[in-house]
>>> print(open('protein-v3.cif').read())   # mmCIF, N, CA and C atoms
data_work
#
loop_
_atom_site.label_atom_id
_atom_site.label_comp_id
_atom_site.auth_asym_id
_atom_site.auth_seq_id
_atom_site.Cartn_x
_atom_site.Cartn_y
_atom_site.Cartn_z
N ASN A 1 -15.42 1.56 7.13
CA ASN A 1 -14.33 0.65 7.40
C ASN A 1 -13.11 1.43 7.89
N ALA A 2 -12.09 0.72 8.31
CA ALA A 2 -10.90 1.35 8.90
C ALA A 2 -10.20 2.28 7.92
N LEU A 3 -10.11 1.87 6.67
CA LEU A 3 -9.43 2.71 5.68
C LEU A 3 -10.16 4.03 5.48
N GLN A 4 -11.46 3.98 5.34
CA GLN A 4 -12.23 5.22 5.17
C GLN A 4 -12.11 6.12 6.39
N GLY A 5 -12.09 5.51 7.56
CA GLY A 5 -11.93 6.28 8.79
C GLY A 5 -10.60 6.99 8.85
N ARG A 6 -9.54 6.29 8.48
CA ARG A 6 -8.22 6.91 8.48
C ARG A 6 -8.12 8.01 7.43
N MET A 7 -8.72 7.77 6.27
CA MET A 7 -8.69 8.79 5.23
C MET A 7 -9.41 10.06 5.69
N SER A 8 -10.55 9.89 6.35
CA SER A 8 -11.31 11.04 6.83
C SER A 8 -10.57 11.77 7.94
N LEU A 9 -10.00 11.02 8.85
CA LEU A 9 -9.35 11.61 10.02
C LEU A 9 -7.96 12.14 9.72
N LEU A 10 -7.16 11.36 8.98
CA LEU A 10 -5.75 11.68 8.79
C LEU A 10 -5.40 12.24 7.42
N GLY A 11 -6.22 11.92 6.42
CA GLY A 11 -5.92 12.32 5.05
C GLY A 11 -5.43 11.14 4.23
N ALA A 12 -5.56 11.27 2.93
CA ALA A 12 -5.28 10.15 2.01
C ALA A 12 -3.81 9.77 1.96
N GLU A 13 -2.90 10.71 2.25
CA GLU A 13 -1.47 10.41 2.10
C GLU A 13 -0.74 10.33 3.43
N HIS A 14 -1.46 10.26 4.52
CA HIS A 14 -0.84 10.09 5.84
C HIS A 14 -0.22 8.69 5.90
N PRO A 15 0.94 8.54 6.54
CA PRO A 15 1.58 7.21 6.61
C PRO A 15 0.68 6.10 7.14
N GLU A 16 -0.14 6.39 8.14
CA GLU A 16 -1.03 5.34 8.67
C GLU A 16 -2.12 4.97 7.68
N THR A 17 -2.60 5.94 6.92
CA THR A 17 -3.58 5.66 5.88
C THR A 17 -2.94 4.79 4.81
N LEU A 18 -1.73 5.14 4.40
CA LEU A 18 -1.04 4.36 3.37
C LEU A 18 -0.76 2.94 3.86
N GLN A 19 -0.50 2.79 5.14
CA GLN A 19 -0.30 1.45 5.71
C GLN A 19 -1.59 0.63 5.58
N SER A 20 -2.73 1.28 5.80
CA SER A 20 -4.01 0.59 5.64
C SER A 20 -4.28 0.23 4.18
N VAL A 21 -3.92 1.13 3.27
CA VAL A 21 -4.07 0.84 1.84
C VAL A 21 -3.21 -0.36 1.46
N ASN A 22 -1.98 -0.41 1.99
CA ASN A 22 -1.10 -1.54 1.70
C ASN A 22 -1.69 -2.84 2.24
N SER A 23 -2.23 -2.81 3.44
CA SER A 23 -2.86 -4.01 4.02
C SER A 23 -4.03 -4.48 3.17
N LEU A 24 -4.83 -3.55 2.70
CA LEU A 24 -5.95 -3.91 1.83
C LEU A 24 -5.45 -4.50 0.52
N ALA A 25 -4.40 -3.92 -0.05
CA ALA A 25 -3.84 -4.46 -1.30
C ALA A 25 -3.35 -5.89 -1.10
N LEU A 26 -2.68 -6.14 0.02
CA LEU A 26 -2.21 -7.50 0.32
C LEU A 26 -3.37 -8.47 0.46
N THR A 27 -4.43 -8.03 1.11
CA THR A 27 -5.62 -8.87 1.29
C THR A 27 -6.28 -9.17 -0.05
N LEU A 28 -6.40 -8.16 -0.89
CA LEU A 28 -6.99 -8.37 -2.22
C LEU A 28 -6.13 -9.31 -3.06
N LYS A 29 -4.83 -9.16 -2.95
CA LYS A 29 -3.93 -10.05 -3.69
C LYS A 29 -4.11 -11.49 -3.22
N ALA A 30 -4.18 -11.69 -1.91
CA ALA A 30 -4.36 -13.04 -1.35
C ALA A 30 -5.70 -13.63 -1.77
N ALA A 31 -6.70 -12.78 -1.98
CA ALA A 31 -8.03 -13.23 -2.42
C ALA A 31 -8.11 -13.37 -3.94
N ASN A 32 -6.97 -13.21 -4.60
CA ASN A 32 -6.87 -13.32 -6.05
C ASN A 32 -7.66 -12.24 -6.78
N LYS A 33 -7.84 -11.10 -6.14
CA LYS A 33 -8.47 -9.94 -6.77
C LYS A 33 -7.34 -9.03 -7.24
N LEU A 34 -6.62 -9.54 -8.24
CA LEU A 34 -5.36 -8.92 -8.64
C LEU A 34 -5.54 -7.55 -9.29
N GLU A 35 -6.60 -7.37 -10.04
CA GLU A 35 -6.82 -6.07 -10.68
C GLU A 35 -7.05 -4.98 -9.62
N ASP A 36 -7.84 -5.31 -8.61
CA ASP A 36 -8.08 -4.35 -7.53
C ASP A 36 -6.80 -4.08 -6.73
N ALA A 37 -6.04 -5.13 -6.47
CA ALA A 37 -4.77 -4.96 -5.75
C ALA A 37 -3.81 -4.10 -6.55
N GLU A 38 -3.76 -4.32 -7.86
CA GLU A 38 -2.88 -3.52 -8.71
C GLU A 38 -3.23 -2.04 -8.63
N MET A 39 -4.51 -1.74 -8.66
CA MET A 39 -4.95 -0.35 -8.56
C MET A 39 -4.45 0.29 -7.26
N LEU A 40 -4.55 -0.45 -6.16
CA LEU A 40 -4.10 0.08 -4.87
C LEU A 40 -2.58 0.22 -4.82
N TYR A 41 -1.86 -0.75 -5.37
CA TYR A 41 -0.40 -0.64 -5.39
C TYR A 41 0.04 0.58 -6.21
N ARG A 42 -0.63 0.84 -7.30
CA ARG A 42 -0.29 2.03 -8.10
C ARG A 42 -0.56 3.31 -7.30
N ARG A 43 -1.66 3.30 -6.59
CA ARG A 43 -1.99 4.44 -5.73
C ARG A 43 -0.92 4.65 -4.66
N LEU A 44 -0.45 3.55 -4.08
CA LEU A 44 0.60 3.63 -3.07
C LEU A 44 1.90 4.20 -3.64
N VAL A 45 2.29 3.73 -4.81
CA VAL A 45 3.51 4.24 -5.44
C VAL A 45 3.39 5.74 -5.64
N ASN A 46 2.29 6.19 -6.20
CA ASN A 46 2.09 7.63 -6.44
C ASN A 46 2.11 8.42 -5.14
N ALA A 47 1.44 7.92 -4.12
CA ALA A 47 1.39 8.63 -2.84
C ALA A 47 2.76 8.71 -2.19
N HIS A 48 3.49 7.60 -2.19
CA HIS A 48 4.83 7.60 -1.57
C HIS A 48 5.79 8.49 -2.36
N GLU A 49 5.68 8.46 -3.67
CA GLU A 49 6.56 9.33 -4.47
C GLU A 49 6.29 10.80 -4.16
N SER A 50 5.03 11.17 -4.01
CA SER A 50 4.72 12.58 -3.78
C SER A 50 5.02 13.02 -2.35
N THR A 51 4.91 12.12 -1.39
CA THR A 51 5.14 12.51 0.01
C THR A 51 6.57 12.28 0.47
N SER A 52 7.21 11.21 -0.01
CA SER A 52 8.53 10.84 0.49
C SER A 52 9.64 10.94 -0.54
N GLY A 53 9.27 10.98 -1.81
CA GLY A 53 10.26 11.04 -2.88
C GLY A 53 10.48 9.69 -3.52
N PRO A 54 11.04 9.68 -4.73
CA PRO A 54 11.16 8.45 -5.51
C PRO A 54 12.19 7.45 -4.98
N GLU A 55 13.11 7.89 -4.14
CA GLU A 55 14.17 7.00 -3.66
C GLU A 55 13.95 6.55 -2.21
N HIS A 56 12.90 7.00 -1.59
CA HIS A 56 12.64 6.64 -0.19
C HIS A 56 12.33 5.15 -0.08
N ALA A 57 12.69 4.56 1.04
CA ALA A 57 12.49 3.12 1.24
C ALA A 57 11.03 2.72 1.08
N SER A 58 10.10 3.50 1.61
CA SER A 58 8.68 3.13 1.49
C SER A 58 8.21 3.18 0.04
N THR A 59 8.75 4.12 -0.72
CA THR A 59 8.42 4.20 -2.14
C THR A 59 8.93 2.97 -2.86
N LEU A 60 10.18 2.61 -2.58
CA LEU A 60 10.78 1.46 -3.26
C LEU A 60 10.08 0.15 -2.89
N VAL A 61 9.63 0.03 -1.65
CA VAL A 61 8.86 -1.17 -1.26
C VAL A 61 7.57 -1.23 -2.07
N SER A 62 6.90 -0.10 -2.20
CA SER A 62 5.65 -0.06 -2.97
C SER A 62 5.89 -0.38 -4.44
N VAL A 63 6.97 0.16 -5.00
CA VAL A 63 7.31 -0.14 -6.40
C VAL A 63 7.60 -1.63 -6.55
N GLY A 64 8.34 -2.20 -5.61
CA GLY A 64 8.64 -3.63 -5.65
C GLY A 64 7.39 -4.48 -5.54
N ASN A 65 6.47 -4.09 -4.66
CA ASN A 65 5.21 -4.83 -4.52
C ASN A 65 4.40 -4.77 -5.81
N LEU A 66 4.36 -3.60 -6.43
CA LEU A 66 3.65 -3.47 -7.70
C LEU A 66 4.31 -4.34 -8.76
N ALA A 67 5.63 -4.33 -8.81
CA ALA A 67 6.34 -5.15 -9.80
C ALA A 67 6.04 -6.64 -9.62
N MET A 68 6.03 -7.10 -8.37
CA MET A 68 5.74 -8.51 -8.11
C MET A 68 4.32 -8.87 -8.57
N LEU A 69 3.38 -7.99 -8.29
CA LEU A 69 2.00 -8.24 -8.71
C LEU A 69 1.89 -8.27 -10.22
N LEU A 70 2.56 -7.33 -10.88
CA LEU A 70 2.53 -7.30 -12.34
C LEU A 70 3.12 -8.59 -12.92
N MET A 71 4.17 -9.11 -12.30
CA MET A 71 4.75 -10.39 -12.76
C MET A 71 3.72 -11.50 -12.61
N GLU A 72 3.02 -11.53 -11.48
CA GLU A 72 1.99 -12.55 -11.26
C GLU A 72 0.88 -12.46 -12.30
N ARG A 73 0.62 -11.25 -12.76
CA ARG A 73 -0.44 -11.04 -13.76
C ARG A 73 0.07 -11.24 -15.18
N GLY A 74 1.34 -11.59 -15.33
CA GLY A 74 1.91 -11.82 -16.65
C GLY A 74 2.30 -10.56 -17.39
N LYS A 75 2.35 -9.44 -16.69
CA LYS A 75 2.72 -8.16 -17.29
C LYS A 75 4.22 -7.92 -17.11
N LEU A 76 4.99 -8.81 -17.70
CA LEU A 76 6.43 -8.80 -17.49
C LEU A 76 7.11 -7.57 -18.05
N ALA A 77 6.66 -7.10 -19.20
CA ALA A 77 7.28 -5.92 -19.81
C ALA A 77 7.07 -4.68 -18.94
N GLU A 78 5.98 -4.64 -18.22
CA GLU A 78 5.72 -3.51 -17.33
C GLU A 78 6.45 -3.67 -15.99
N ALA A 79 6.61 -4.91 -15.56
CA ALA A 79 7.26 -5.17 -14.27
C ALA A 79 8.77 -4.98 -14.33
N GLU A 80 9.37 -5.30 -15.46
CA GLU A 80 10.84 -5.27 -15.54
C GLU A 80 11.45 -3.91 -15.20
N PRO A 81 10.99 -2.80 -15.80
CA PRO A 81 11.62 -1.52 -15.46
C PRO A 81 11.41 -1.13 -13.99
N LEU A 82 10.31 -1.55 -13.41
CA LEU A 82 10.08 -1.26 -11.99
C LEU A 82 11.07 -2.03 -11.12
N THR A 83 11.28 -3.30 -11.47
CA THR A 83 12.24 -4.11 -10.73
C THR A 83 13.64 -3.55 -10.87
N ARG A 84 14.00 -3.14 -12.06
CA ARG A 84 15.32 -2.53 -12.28
C ARG A 84 15.47 -1.24 -11.49
N ARG A 85 14.41 -0.46 -11.44
CA ARG A 85 14.44 0.79 -10.68
C ARG A 85 14.75 0.53 -9.21
N VAL A 86 14.07 -0.45 -8.63
CA VAL A 86 14.30 -0.78 -7.23
C VAL A 86 15.73 -1.26 -7.03
N MET A 87 16.18 -2.15 -7.90
CA MET A 87 17.55 -2.68 -7.77
C MET A 87 18.59 -1.57 -7.87
N GLN A 88 18.44 -0.69 -8.84
CA GLN A 88 19.41 0.39 -9.02
C GLN A 88 19.40 1.36 -7.85
N SER A 89 18.24 1.70 -7.37
CA SER A 89 18.15 2.61 -6.23
C SER A 89 18.77 2.01 -4.98
N ARG A 90 18.46 0.76 -4.71
CA ARG A 90 19.02 0.09 -3.53
C ARG A 90 20.53 -0.07 -3.66
N ARG A 91 21.00 -0.37 -4.86
CA ARG A 91 22.44 -0.50 -5.08
C ARG A 91 23.14 0.83 -4.81
N GLN A 92 22.54 1.93 -5.26
CA GLN A 92 23.12 3.25 -5.02
C GLN A 92 23.10 3.60 -3.54
N GLN A 93 22.05 3.23 -2.85
CA GLN A 93 21.92 3.56 -1.43
C GLN A 93 22.81 2.69 -0.55
N LEU A 94 22.89 1.41 -0.87
CA LEU A 94 23.57 0.46 0.00
C LEU A 94 24.96 0.06 -0.48
N GLY A 95 25.24 0.30 -1.75
CA GLY A 95 26.52 -0.13 -2.32
C GLY A 95 26.38 -1.47 -3.01
N ALA A 96 27.21 -1.67 -4.01
CA ALA A 96 27.13 -2.88 -4.84
C ALA A 96 27.48 -4.15 -4.06
N ASP A 97 28.23 -4.04 -2.97
CA ASP A 97 28.67 -5.22 -2.22
C ASP A 97 27.73 -5.60 -1.09
N HIS A 98 26.66 -4.84 -0.91
CA HIS A 98 25.72 -5.14 0.18
C HIS A 98 24.98 -6.44 -0.12
N PRO A 99 24.87 -7.32 0.89
CA PRO A 99 24.17 -8.59 0.65
C PRO A 99 22.72 -8.36 0.44
#
>>> encode(input="protein-v3.cif", output="structure tokens")
Amino acid sequence: NALQGRMSLLGAEHPETLQSVNSLALTLKAANKLEDAEMLYRRLVNAHESTSGPEHASTLVSVGNLAMLLMERGKLAEAEPLTRRVMQSRRQQLGADHP
């Protein structure tokens, strides 16, 4: 499949590979395969943190996506600190008055 091809050709943490992982996670979420989607979102967070850093926009998007999925799965206690992390990072980057 496309994801395996990108992983073989580009590597597991290449931006295009991560984009394919994100697309697969979205597809799994839409198919209500939430456990599988959660696994991929966690993988994305780890990959973005290691390649781009914890405050990078792509990392924060992945953290936010994971938090939303966790909320859908009823894992509110796990989702809350992730949501706060994204909010605090964006507030620091954009300023408290940014819409």
>>> select_by_dssp(input="protein-v3.cif", residues="chain A", states="helix (DSSP H, G or I)", output="PyMOL selection string")
chain A and resi 2-10+15-30+34-52+57-72+76-94
>>> atom_distance(input="protein-v3.cif", atom1="atom C of A:Leu10", atom2="atom N of A:Leu82")
29.5 Å
>>> atom_distance(input="protein-v3.cif", atom1="atom CA of A:Leu40", atom2="atom N of A:Leu94")
27.3 Å
>>> atom_distance(input="protein-v3.cif", atom1="atom CA of A:Gln19", atom2="atom C of A:Ala67")
18.5 Å
>>> resolve_selection(input="protein-v3.cif", expression="the PyMOL selection byres (((chain A and resi 13 and name CA) around 9) and name CA)", output="PyMOL selection string")
chain A and resi 7+10-12+14-18+44+47-48+50-51
>>> closest_residue(input="protein-v3.cif", among="A:Lys33, A:His56, A:Arg6, A:Arg42", to="A:Arg90", atoms="only C-alpha atoms")
A:His56
